[in-house]
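Here is the file coords10.txt (compact mmCIF, N, CA and C atoms).
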```
# COMPACT_ATOMS: atom_id res chain seq x y z
N MET A 1355 5.27 -14.37 -9.81
CA MET A 1355 6.26 -13.89 -8.87
C MET A 1355 5.55 -13.08 -7.78
N HIS A 1356 5.91 -13.34 -6.53
CA HIS A 1356 5.48 -12.54 -5.39
C HIS A 1356 6.75 -12.15 -4.64
N GLU A 1357 7.06 -10.88 -4.63
CA GLU A 1357 8.25 -10.41 -3.94
C GLU A 1357 7.83 -9.46 -2.81
N TYR A 1358 8.24 -9.79 -1.59
CA TYR A 1358 7.92 -8.94 -0.44
C TYR A 1358 8.42 -7.53 -0.68
N SER A 1359 7.56 -6.55 -0.43
CA SER A 1359 7.94 -5.15 -0.56
C SER A 1359 8.08 -4.49 0.81
N HIS A 1360 6.99 -4.54 1.61
CA HIS A 1360 7.04 -3.91 2.92
C HIS A 1360 5.88 -4.34 3.80
N TYR A 1361 6.00 -4.02 5.07
CA TYR A 1361 4.93 -4.20 6.06
C TYR A 1361 4.56 -2.81 6.52
N CYS A 1362 3.28 -2.46 6.42
CA CYS A 1362 2.85 -1.10 6.73
C CYS A 1362 1.96 -1.06 7.96
N VAL A 1363 2.26 -0.12 8.84
CA VAL A 1363 1.51 0.06 10.08
C VAL A 1363 0.87 1.45 10.06
N PRO A 1364 -0.46 1.52 10.21
CA PRO A 1364 -1.09 2.84 10.31
C PRO A 1364 -0.80 3.47 11.67
N VAL A 1365 -0.55 4.76 11.66
CA VAL A 1365 -0.25 5.48 12.91
C VAL A 1365 -1.18 6.69 13.04
N LYS A 1366 -1.36 7.15 14.27
CA LYS A 1366 -2.30 8.25 14.54
C LYS A 1366 -1.66 9.63 14.46
N GLU A 1367 -0.32 9.68 14.44
CA GLU A 1367 0.39 10.95 14.30
C GLU A 1367 1.38 10.85 13.15
N LYS A 1368 1.53 11.94 12.42
CA LYS A 1368 2.43 11.93 11.26
C LYS A 1368 3.88 11.80 11.72
N PRO A 1369 4.60 10.78 11.24
CA PRO A 1369 6.02 10.65 11.57
C PRO A 1369 6.82 11.83 10.99
N GLU A 1370 7.86 12.23 11.68
CA GLU A 1370 8.67 13.37 11.24
C GLU A 1370 9.23 13.19 9.84
N ASN A 1371 9.62 11.99 9.49
CA ASN A 1371 10.26 11.76 8.20
C ASN A 1371 9.30 11.27 7.12
N ALA A 1372 8.00 11.45 7.33
CA ALA A 1372 7.01 10.98 6.36
C ALA A 1372 6.89 11.96 5.19
N SER A 1373 6.65 11.38 4.01
CA SER A 1373 6.45 12.17 2.80
C SER A 1373 4.97 12.16 2.42
N TYR A 1374 4.53 13.27 1.85
CA TYR A 1374 3.14 13.38 1.43
C TYR A 1374 2.93 12.67 0.09
N VAL A 1375 1.82 11.92 -0.02
CA VAL A 1375 1.45 11.23 -1.25
C VAL A 1375 0.15 11.88 -1.75
N PRO A 1376 0.25 12.82 -2.70
CA PRO A 1376 -0.94 13.56 -3.14
C PRO A 1376 -2.05 12.67 -3.71
N LEU A 1377 -1.69 11.66 -4.47
CA LEU A 1377 -2.68 10.78 -5.08
C LEU A 1377 -3.63 10.18 -4.05
N LEU A 1378 -3.10 9.86 -2.86
CA LEU A 1378 -3.89 9.21 -1.82
C LEU A 1378 -4.18 10.11 -0.63
N ASP A 1379 -3.64 11.32 -0.65
CA ASP A 1379 -3.82 12.29 0.44
C ASP A 1379 -3.44 11.68 1.80
N CYS A 1380 -2.22 11.16 1.85
CA CYS A 1380 -1.72 10.56 3.10
C CYS A 1380 -0.21 10.79 3.18
N PHE A 1381 0.38 10.36 4.27
CA PHE A 1381 1.82 10.48 4.49
C PHE A 1381 2.40 9.10 4.76
N VAL A 1382 3.56 8.80 4.18
CA VAL A 1382 4.21 7.50 4.41
C VAL A 1382 5.70 7.70 4.64
N THR A 1383 6.27 6.80 5.42
CA THR A 1383 7.72 6.78 5.57
C THR A 1383 8.30 5.91 4.47
N ASP A 1384 9.57 6.03 4.24
CA ASP A 1384 10.26 5.25 3.21
C ASP A 1384 10.66 3.90 3.79
N CYS A 1385 10.02 2.84 3.32
CA CYS A 1385 10.30 1.50 3.86
C CYS A 1385 11.74 1.08 3.61
N ALA A 1386 12.39 1.62 2.59
CA ALA A 1386 13.78 1.27 2.30
C ALA A 1386 14.73 1.75 3.39
N GLU A 1387 14.27 2.68 4.22
CA GLU A 1387 15.11 3.18 5.32
C GLU A 1387 15.00 2.34 6.58
N HIS A 1388 14.11 1.36 6.58
CA HIS A 1388 13.92 0.49 7.75
C HIS A 1388 14.58 -0.86 7.47
N PRO A 1389 15.30 -1.45 8.42
CA PRO A 1389 16.01 -2.72 8.16
C PRO A 1389 15.09 -3.88 7.78
N MET A 1390 13.81 -3.82 8.16
CA MET A 1390 12.88 -4.90 7.80
C MET A 1390 11.79 -4.41 6.86
N ASN A 1391 12.05 -3.28 6.22
CA ASN A 1391 11.11 -2.67 5.27
C ASN A 1391 9.76 -2.36 5.88
N PHE A 1392 9.75 -1.82 7.09
CA PHE A 1392 8.51 -1.35 7.69
C PHE A 1392 8.20 0.04 7.12
N GLU A 1393 6.92 0.28 6.91
CA GLU A 1393 6.45 1.58 6.45
C GLU A 1393 5.39 2.05 7.45
N TYR A 1394 5.38 3.33 7.74
CA TYR A 1394 4.38 3.89 8.64
C TYR A 1394 3.48 4.81 7.84
N LEU A 1395 2.18 4.63 7.99
CA LEU A 1395 1.17 5.34 7.20
C LEU A 1395 0.33 6.22 8.10
N TYR A 1396 0.30 7.51 7.76
CA TYR A 1396 -0.57 8.45 8.48
C TYR A 1396 -1.60 8.98 7.50
N ILE A 1397 -2.88 8.81 7.85
CA ILE A 1397 -3.98 9.30 7.01
C ILE A 1397 -4.69 10.40 7.79
N PRO A 1398 -4.67 11.64 7.28
CA PRO A 1398 -5.38 12.72 7.98
C PRO A 1398 -6.87 12.40 8.14
N GLU A 1399 -7.44 12.89 9.22
CA GLU A 1399 -8.86 12.64 9.53
C GLU A 1399 -9.79 13.03 8.38
N GLU A 1400 -9.48 14.13 7.70
CA GLU A 1400 -10.36 14.62 6.65
C GLU A 1400 -10.26 13.83 5.34
N ASN A 1401 -9.33 12.89 5.26
CA ASN A 1401 -9.17 12.08 4.05
C ASN A 1401 -10.35 11.14 3.89
N THR A 1402 -11.01 11.24 2.74
CA THR A 1402 -12.12 10.34 2.44
C THR A 1402 -11.82 9.43 1.26
N LYS A 1403 -10.60 9.52 0.74
CA LYS A 1403 -10.21 8.70 -0.42
C LYS A 1403 -9.91 7.25 -0.04
N LEU A 1404 -9.39 7.05 1.15
CA LEU A 1404 -8.92 5.72 1.53
C LEU A 1404 -9.92 5.02 2.46
N PRO A 1405 -10.07 3.72 2.28
CA PRO A 1405 -11.01 2.97 3.12
C PRO A 1405 -10.54 2.89 4.58
N LYS A 1406 -11.50 2.73 5.48
CA LYS A 1406 -11.19 2.74 6.91
C LYS A 1406 -10.24 1.62 7.30
N GLU A 1407 -10.26 0.52 6.59
CA GLU A 1407 -9.36 -0.59 6.91
C GLU A 1407 -7.89 -0.16 6.86
N LEU A 1408 -7.56 0.75 5.96
CA LEU A 1408 -6.16 1.21 5.88
C LEU A 1408 -5.78 2.11 7.04
N ARG A 1409 -6.78 2.71 7.69
CA ARG A 1409 -6.52 3.54 8.88
C ARG A 1409 -6.26 2.70 10.12
N THR A 1410 -6.84 1.51 10.15
CA THR A 1410 -6.83 0.73 11.39
C THR A 1410 -6.08 -0.59 11.32
N GLU A 1411 -5.86 -1.11 10.13
CA GLU A 1411 -5.24 -2.43 9.99
C GLU A 1411 -3.89 -2.32 9.29
N PRO A 1412 -2.88 -3.04 9.78
CA PRO A 1412 -1.61 -3.08 9.04
C PRO A 1412 -1.81 -3.88 7.74
N HIS A 1413 -0.88 -3.73 6.84
CA HIS A 1413 -0.96 -4.53 5.61
C HIS A 1413 0.43 -4.97 5.17
N LEU A 1414 0.45 -6.05 4.42
CA LEU A 1414 1.65 -6.54 3.76
C LEU A 1414 1.61 -6.09 2.32
N ALA A 1415 2.76 -5.79 1.73
CA ALA A 1415 2.81 -5.37 0.33
C ALA A 1415 3.75 -6.28 -0.45
N PHE A 1416 3.30 -6.60 -1.66
CA PHE A 1416 4.08 -7.46 -2.55
C PHE A 1416 4.15 -6.86 -3.94
N ASN A 1417 5.31 -7.00 -4.58
CA ASN A 1417 5.47 -6.69 -6.00
C ASN A 1417 5.16 -8.00 -6.73
N VAL A 1418 4.31 -7.91 -7.75
CA VAL A 1418 3.85 -9.13 -8.42
C VAL A 1418 3.87 -8.97 -9.93
N ASP A 1419 3.85 -10.10 -10.61
CA ASP A 1419 3.72 -10.08 -12.06
C ASP A 1419 2.41 -10.74 -12.52
N ASN A 1420 1.57 -11.16 -11.57
CA ASN A 1420 0.26 -11.75 -11.89
C ASN A 1420 -0.85 -10.97 -11.17
N TYR A 1421 -0.84 -9.68 -11.37
CA TYR A 1421 -1.72 -8.73 -10.70
C TYR A 1421 -3.20 -9.12 -10.79
N ASP A 1422 -3.71 -9.30 -12.00
CA ASP A 1422 -5.14 -9.56 -12.19
C ASP A 1422 -5.60 -10.81 -11.44
N GLU A 1423 -4.80 -11.84 -11.50
CA GLU A 1423 -5.14 -13.09 -10.80
C GLU A 1423 -5.24 -12.86 -9.29
N LEU A 1424 -4.26 -12.19 -8.72
CA LEU A 1424 -4.25 -11.96 -7.27
C LEU A 1424 -5.36 -11.02 -6.82
N VAL A 1425 -5.61 -9.98 -7.58
CA VAL A 1425 -6.67 -9.04 -7.22
C VAL A 1425 -8.03 -9.73 -7.23
N SER A 1426 -8.23 -10.65 -8.15
CA SER A 1426 -9.53 -11.34 -8.25
C SER A 1426 -9.77 -12.32 -7.11
N GLU A 1427 -8.74 -12.64 -6.35
CA GLU A 1427 -8.87 -13.62 -5.26
C GLU A 1427 -9.30 -13.01 -3.94
N GLY A 1428 -9.46 -11.71 -3.88
CA GLY A 1428 -9.84 -11.07 -2.62
C GLY A 1428 -10.89 -10.00 -2.83
N ARG A 1429 -11.23 -9.32 -1.75
CA ARG A 1429 -12.19 -8.21 -1.80
C ARG A 1429 -11.39 -6.92 -1.97
N VAL A 1430 -11.59 -6.24 -3.11
CA VAL A 1430 -10.84 -5.02 -3.41
C VAL A 1430 -11.34 -3.88 -2.55
N LEU A 1431 -10.43 -3.25 -1.81
CA LEU A 1431 -10.75 -2.08 -1.00
C LEU A 1431 -10.57 -0.80 -1.80
N ILE A 1432 -9.49 -0.75 -2.58
CA ILE A 1432 -9.21 0.40 -3.46
C ILE A 1432 -8.20 -0.07 -4.49
N GLU A 1433 -8.33 0.47 -5.70
CA GLU A 1433 -7.43 0.12 -6.80
C GLU A 1433 -7.17 1.39 -7.59
N PHE A 1434 -5.93 1.57 -8.07
CA PHE A 1434 -5.60 2.78 -8.82
C PHE A 1434 -4.39 2.57 -9.71
N ILE A 1435 -4.27 3.46 -10.68
CA ILE A 1435 -3.11 3.49 -11.57
C ILE A 1435 -2.00 4.22 -10.82
N CYS A 1436 -0.82 3.67 -10.86
CA CYS A 1436 0.30 4.22 -10.10
C CYS A 1436 1.14 5.16 -10.98
N PRO A 1437 1.55 6.30 -10.45
CA PRO A 1437 2.32 7.26 -11.24
C PRO A 1437 3.82 6.98 -11.31
N TYR A 1438 4.29 5.88 -10.74
CA TYR A 1438 5.73 5.61 -10.73
C TYR A 1438 6.13 4.79 -11.95
N ASP A 1439 7.36 4.97 -12.39
CA ASP A 1439 7.83 4.30 -13.61
C ASP A 1439 7.88 2.79 -13.51
N ASP A 1440 8.22 2.26 -12.35
CA ASP A 1440 8.41 0.80 -12.23
C ASP A 1440 7.15 0.06 -11.79
N ILE A 1441 6.10 0.79 -11.36
CA ILE A 1441 4.86 0.15 -10.91
C ILE A 1441 3.71 0.74 -11.72
N SER A 1442 2.85 -0.13 -12.27
CA SER A 1442 1.77 0.40 -13.11
C SER A 1442 0.41 0.44 -12.40
N ARG A 1443 0.08 -0.58 -11.62
CA ARG A 1443 -1.21 -0.59 -10.92
C ARG A 1443 -0.99 -1.06 -9.48
N VAL A 1444 -1.88 -0.57 -8.60
CA VAL A 1444 -1.83 -0.94 -7.18
C VAL A 1444 -3.24 -1.23 -6.72
N ALA A 1445 -3.38 -2.26 -5.91
CA ALA A 1445 -4.67 -2.56 -5.29
C ALA A 1445 -4.43 -2.95 -3.84
N PHE A 1446 -5.34 -2.52 -2.98
CA PHE A 1446 -5.38 -2.99 -1.61
C PHE A 1446 -6.55 -3.96 -1.54
N VAL A 1447 -6.25 -5.19 -1.15
CA VAL A 1447 -7.22 -6.27 -1.20
C VAL A 1447 -7.28 -6.95 0.16
N GLU A 1448 -8.48 -7.27 0.60
CA GLU A 1448 -8.63 -8.08 1.80
C GLU A 1448 -8.66 -9.53 1.35
N TYR A 1449 -7.70 -10.31 1.82
CA TYR A 1449 -7.57 -11.70 1.42
C TYR A 1449 -7.43 -12.55 2.68
N GLN A 1450 -8.40 -13.40 2.94
CA GLN A 1450 -8.41 -14.26 4.13
C GLN A 1450 -8.15 -13.45 5.40
N GLN A 1451 -8.86 -12.35 5.54
CA GLN A 1451 -8.84 -11.46 6.71
C GLN A 1451 -7.53 -10.69 6.88
N VAL A 1452 -6.72 -10.63 5.84
CA VAL A 1452 -5.46 -9.88 5.86
C VAL A 1452 -5.49 -8.86 4.73
N ILE A 1453 -5.06 -7.63 5.03
CA ILE A 1453 -4.98 -6.61 4.00
C ILE A 1453 -3.64 -6.76 3.27
N ILE A 1454 -3.73 -6.85 1.94
CA ILE A 1454 -2.55 -7.02 1.10
C ILE A 1454 -2.51 -5.87 0.09
N GLU A 1455 -1.36 -5.26 -0.05
CA GLU A 1455 -1.14 -4.28 -1.12
C GLU A 1455 -0.46 -5.03 -2.27
N ILE A 1456 -1.10 -5.04 -3.41
CA ILE A 1456 -0.58 -5.74 -4.58
C ILE A 1456 -0.10 -4.70 -5.57
N LYS A 1457 1.19 -4.75 -5.90
CA LYS A 1457 1.79 -3.77 -6.80
C LYS A 1457 2.28 -4.48 -8.07
N GLU A 1458 1.72 -4.07 -9.20
CA GLU A 1458 2.12 -4.67 -10.48
C GLU A 1458 3.41 -4.01 -10.96
N ILE A 1459 4.41 -4.83 -11.16
CA ILE A 1459 5.72 -4.34 -11.61
C ILE A 1459 5.73 -4.28 -13.13
N GLN A 1460 6.23 -3.18 -13.67
CA GLN A 1460 6.34 -3.04 -15.12
C GLN A 1460 7.38 -4.03 -15.65
N PRO A 1461 7.08 -4.72 -16.74
CA PRO A 1461 8.10 -5.61 -17.33
C PRO A 1461 9.28 -4.78 -17.85
N GLU A 1462 10.45 -5.37 -17.75
CA GLU A 1462 11.66 -4.65 -18.20
C GLU A 1462 11.84 -4.76 -19.69
```
Would you mind writing the file out in structure tokens?
Amino acid sequence: MHEYSHYCVPVKEKPENASYVPLLDCFVTDCAEHPMNFEYLYIPEENTKLPKELRTEPHLAFNVDNYDELVSEGRVLIEFICPYDDISRVAFVEYQQVIIEIKEIQPE
């Protein structure tokens, strides 16, 4: 299963309605509040946790149930365990020159 989650655009200034994400030391807007599930990502200059590609390139995000297979098909930029109940692992992968966020959904 591949289910579209959101389209994320990196921005140079923190949006007013952005929330802080301590795990990644960045700020994001809530994609559920946008009619097309757009998310805006602000990464402070001093952040060294995230790869430069996430600062400069937009990415597509998908909820998946075949995480390992999809992650192995691209170049992993960053991968981590997710602290949310419904998502267990997340990876940002460069796949055919496109940045993809792959989110493993917990089975019900």
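Atom CA of Asn1420 of chain A is positioned 22.9 Å from atom CA of Leu1408 of chain A.
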So which residues of segment 1391-1458 of chain A fall under strand (DSSP E) by DSSP, listed as a PyMOL selection string?
chain A and resi 1392-1396+1413-1418+1429-1435+1441-1449+1452-1458
Any chance you can output those residues with N, CA and C atoms as a tab-separated table (two decimals), keeping the file's coordinate frame?
```
chain	number	residue	atom	x	y	z
A	1392	PHE	N	9.75	-1.82	7.09
A	1392	PHE	CA	8.51	-1.35	7.69
A	1392	PHE	C	8.20	0.04	7.12
A	1393	GLU	N	6.92	0.28	6.91
A	1393	GLU	CA	6.45	1.58	6.45
A	1393	GLU	C	5.39	2.05	7.45
A	1394	TYR	N	5.38	3.33	7.74
A	1394	TYR	CA	4.38	3.89	8.64
A	1394	TYR	C	3.48	4.81	7.84
A	1395	LEU	N	2.18	4.63	7.99
A	1395	LEU	CA	1.17	5.34	7.20
A	1395	LEU	C	0.33	6.22	8.10
A	1396	TYR	N	0.30	7.51	7.76
A	1396	TYR	CA	-0.57	8.45	8.48
A	1396	TYR	C	-1.60	8.98	7.50
A	1413	HIS	N	-0.88	-3.73	6.84
A	1413	HIS	CA	-0.96	-4.53	5.61
A	1413	HIS	C	0.43	-4.97	5.17
A	1414	LEU	N	0.45	-6.05	4.42
A	1414	LEU	CA	1.65	-6.54	3.76
A	1414	LEU	C	1.61	-6.09	2.32
A	1415	ALA	N	2.76	-5.79	1.73
A	1415	ALA	CA	2.81	-5.37	0.33
A	1415	ALA	C	3.75	-6.28	-0.45
A	1416	PHE	N	3.30	-6.60	-1.66
A	1416	PHE	CA	4.08	-7.46	-2.55
A	1416	PHE	C	4.15	-6.86	-3.94
A	1417	ASN	N	5.31	-7.00	-4.58
A	1417	ASN	CA	5.47	-6.69	-6.00
A	1417	ASN	C	5.16	-8.00	-6.73
A	1418	VAL	N	4.31	-7.91	-7.75
A	1418	VAL	CA	3.85	-9.13	-8.42
A	1418	VAL	C	3.87	-8.97	-9.93
A	1429	ARG	N	-11.23	-9.32	-1.75
A	1429	ARG	CA	-12.19	-8.21	-1.80
A	1429	ARG	C	-11.39	-6.92	-1.97
A	1430	VAL	N	-11.59	-6.24	-3.11
A	1430	VAL	CA	-10.84	-5.02	-3.41
A	1430	VAL	C	-11.34	-3.88	-2.55
A	1431	LEU	N	-10.43	-3.25	-1.81
A	1431	LEU	CA	-10.75	-2.08	-1.00
A	1431	LEU	C	-10.57	-0.80	-1.80
A	1432	ILE	N	-9.49	-0.75	-2.58
A	1432	ILE	CA	-9.21	0.40	-3.46
A	1432	ILE	C	-8.20	-0.07	-4.49
A	1433	GLU	N	-8.33	0.47	-5.70
A	1433	GLU	CA	-7.43	0.12	-6.80
A	1433	GLU	C	-7.17	1.39	-7.59
A	1434	PHE	N	-5.93	1.57	-8.07
A	1434	PHE	CA	-5.60	2.78	-8.82
A	1434	PHE	C	-4.39	2.57	-9.71
A	1435	ILE	N	-4.27	3.46	-10.68
A	1435	ILE	CA	-3.11	3.49	-11.57
A	1435	ILE	C	-2.00	4.22	-10.82
A	1441	ILE	N	6.10	0.79	-11.36
A	1441	ILE	CA	4.86	0.15	-10.91
A	1441	ILE	C	3.71	0.74	-11.72
A	1442	SER	N	2.85	-0.13	-12.27
A	1442	SER	CA	1.77	0.40	-13.11
A	1442	SER	C	0.41	0.44	-12.40
A	1443	ARG	N	0.08	-0.58	-11.62
A	1443	ARG	CA	-1.21	-0.59	-10.92
A	1443	ARG	C	-0.99	-1.06	-9.48
A	1444	VAL	N	-1.88	-0.57	-8.60
A	1444	VAL	CA	-1.83	-0.94	-7.18
A	1444	VAL	C	-3.24	-1.23	-6.72
A	1445	ALA	N	-3.38	-2.26	-5.91
A	1445	ALA	CA	-4.67	-2.56	-5.29
A	1445	ALA	C	-4.43	-2.95	-3.84
A	1446	PHE	N	-5.34	-2.52	-2.98
A	1446	PHE	CA	-5.38	-2.99	-1.61
A	1446	PHE	C	-6.55	-3.96	-1.54
A	1447	VAL	N	-6.25	-5.19	-1.15
A	1447	VAL	CA	-7.22	-6.27	-1.20
A	1447	VAL	C	-7.28	-6.95	0.16
A	1448	GLU	N	-8.48	-7.27	0.60
A	1448	GLU	CA	-8.63	-8.08	1.80
A	1448	GLU	C	-8.66	-9.53	1.35
A	1449	TYR	N	-7.70	-10.31	1.82
A	1449	TYR	CA	-7.57	-11.70	1.42
A	1449	TYR	C	-7.43	-12.55	2.68
A	1452	VAL	N	-6.72	-10.63	5.84
A	1452	VAL	CA	-5.46	-9.88	5.86
A	1452	VAL	C	-5.49	-8.86	4.73
A	1453	ILE	N	-5.06	-7.63	5.03
A	1453	ILE	CA	-4.98	-6.61	4.00
A	1453	ILE	C	-3.64	-6.76	3.27
A	1454	ILE	N	-3.73	-6.85	1.94
A	1454	ILE	CA	-2.55	-7.02	1.10
A	1454	ILE	C	-2.51	-5.87	0.09
A	1455	GLU	N	-1.36	-5.26	-0.05
A	1455	GLU	CA	-1.14	-4.28	-1.12
A	1455	GLU	C	-0.46	-5.03	-2.27
A	1456	ILE	N	-1.10	-5.04	-3.41
A	1456	ILE	CA	-0.58	-5.74	-4.58
A	1456	ILE	C	-0.10	-4.70	-5.57
A	1457	LYS	N	1.19	-4.75	-5.90
A	1457	LYS	CA	1.79	-3.77	-6.80
A	1457	LYS	C	2.28	-4.48	-8.07
A	1458	GLU	N	1.72	-4.07	-9.20
A	1458	GLU	CA	2.12	-4.67	-10.48
A	1458	GLU	C	3.41	-4.01	-10.96
```
Hey, what's within 7 Å of Pro1398 of chain A if we count all atoms listed in the file and toss same-chain stuff fewer than 3 positions away? As an mmCIF file with N, CA and C atoms, in the coordinates of the input, please?
```
data_model
loop_
_atom_site.group_PDB
_atom_site.id
_atom_site.type_symbol
_atom_site.label_atom_id
_atom_site.label_comp_id
_atom_site.auth_asym_id
_atom_site.auth_seq_id
_atom_site.Cartn_x
_atom_site.Cartn_y
_atom_site.Cartn_z
ATOM 1 N N ASP A 1379 -3.640 11.320 -0.650
ATOM 2 C CA ASP A 1379 -3.820 12.290 0.440
ATOM 3 C C ASP A 1379 -3.440 11.680 1.800
ATOM 4 N N CYS A 1380 -2.220 11.160 1.850
ATOM 5 C CA CYS A 1380 -1.720 10.560 3.100
ATOM 6 C C CYS A 1380 -0.210 10.790 3.180
ATOM 7 N N PHE A 1381 0.380 10.360 4.270
ATOM 8 C CA PHE A 1381 1.820 10.480 4.490
ATOM 9 C C PHE A 1381 2.400 9.100 4.760
ATOM 10 N N ASN A 1401 -9.330 12.890 5.260
ATOM 11 C CA ASN A 1401 -9.170 12.080 4.050
ATOM 12 C C ASN A 1401 -10.350 11.140 3.890
ATOM 13 N N THR A 1402 -11.010 11.240 2.740
ATOM 14 C CA THR A 1402 -12.120 10.340 2.440
ATOM 15 C C THR A 1402 -11.820 9.430 1.260
#
```
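Atom C of Tyr1374 of chain A lies 17.5 Å from atom C of Ile1432 of chain A.
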Atom C of Tyr1361 of chain A to atom C of His1413 of chain A: how many Å, to one decimal?
4.9 Å
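Minimum distance to Val1363 of chain A across A:Pro1389, A:Ser1426, A:Ile1453, A:Leu1404 (counting only C-alpha atoms) occurs at A:Ile1453.
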Select, counting all atoms listed in the file, all protein, DNA and RNA residues no farther than 7 Å from (3.5, -10.7, -8.5) in file coordinates, and express the selection as a list in words.
Met1355, His1356, Glu1357, Phe1416, Asn1417, Val1418, Asp1419, Asn1420, Tyr1421, Lys1457, Glu1458 and Ile1459 of chain A
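With distances restricted to all atoms listed in the file, A:Pro1412 is the closest residue to Ile1454 of chain A from A:Pro1412, A:Glu1427, A:Val1365, A:Ile1435.
Using all atoms listed in the file, the shortest contact distance between Tyr1396 of chain A and any of A:Asp1440, A:Glu1455, A:Glu1433, A:Glu1367 is found at A:Glu1367.
The shortest atom-to-atom distance to Glu1423 of chain A, with only C-alpha atoms taken into account, belongs to A:Ile1456 out of A:Ile1456, A:Lys1403, A:Ser1359, A:Glu1393.
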Segment 1390-1454 of chain A: which residues are helix (DSSP H, G or I) by DSSP, as number ranges by chain?
A: 1406-1410, 1421-1426
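Nearest-residue note for Thr1410 of chain A: choosing from A:Ile1441, A:Lys1366, A:Glu1448, A:Val1430, the minimum distance belongs to A:Lys1366, counting only C-alpha atoms.
The smallest atom-to-atom distance between Ser1442 of chain A and any of A:Glu1411, A:Gln1460, A:His1360, A:Leu1424, using only N, CA and C atoms, is found for A:Gln1460.
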Env of Asp1384 of chain A: 10 Å cut, atoms = only C-alpha atoms, seq-sep filter 6 positions within chain, self excluded. Answer as number ranges by chain.
A: 1360, 1371-1373, 1391-1395
With N, CA and C atoms retained, could you export that selection as a PDB file, keeping the file's coordinate frame?
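Full text of out37.pdb as output:
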```pdb
ATOM      1  N   HIS A1360       6.990  -4.540   1.610  1.00  0.00           N
ATOM      2  CA  HIS A1360       7.040  -3.910   2.920  1.00  0.00           C
ATOM      3  C   HIS A1360       5.880  -4.340   3.800  1.00  0.00           C
ATOM      4  N   ASN A1371       9.620  11.990   9.490  1.00  0.00           N
ATOM      5  CA  ASN A1371      10.260  11.760   8.200  1.00  0.00           C
ATOM      6  C   ASN A1371       9.300  11.270   7.120  1.00  0.00           C
ATOM      7  N   ALA A1372       8.000  11.450   7.330  1.00  0.00           N
ATOM      8  CA  ALA A1372       7.010  10.980   6.360  1.00  0.00           C
ATOM      9  C   ALA A1372       6.890  11.960   5.190  1.00  0.00           C
ATOM     10  N   SER A1373       6.650  11.380   4.010  1.00  0.00           N
ATOM     11  CA  SER A1373       6.450  12.170   2.800  1.00  0.00           C
ATOM     12  C   SER A1373       4.970  12.160   2.420  1.00  0.00           C
ATOM     13  N   ASN A1391      12.050  -3.280   6.220  1.00  0.00           N
ATOM     14  CA  ASN A1391      11.110  -2.670   5.270  1.00  0.00           C
ATOM     15  C   ASN A1391       9.760  -2.360   5.880  1.00  0.00           C
ATOM     16  N   PHE A1392       9.750  -1.820   7.090  1.00  0.00           N
ATOM     17  CA  PHE A1392       8.510  -1.350   7.690  1.00  0.00           C
ATOM     18  C   PHE A1392       8.200   0.040   7.120  1.00  0.00           C
ATOM     19  N   GLU A1393       6.920   0.280   6.910  1.00  0.00           N
ATOM     20  CA  GLU A1393       6.450   1.580   6.450  1.00  0.00           C
ATOM     21  C   GLU A1393       5.390   2.050   7.450  1.00  0.00           C
ATOM     22  N   TYR A1394       5.380   3.330   7.740  1.00  0.00           N
ATOM     23  CA  TYR A1394       4.380   3.890   8.640  1.00  0.00           C
ATOM     24  C   TYR A1394       3.480   4.810   7.840  1.00  0.00           C
ATOM     25  N   LEU A1395       2.180   4.630   7.990  1.00  0.00           N
ATOM     26  CA  LEU A1395       1.170   5.340   7.200  1.00  0.00           C
ATOM     27  C   LEU A1395       0.330   6.220   8.100  1.00  0.00           C
TER      28      LEU A1395
END
```
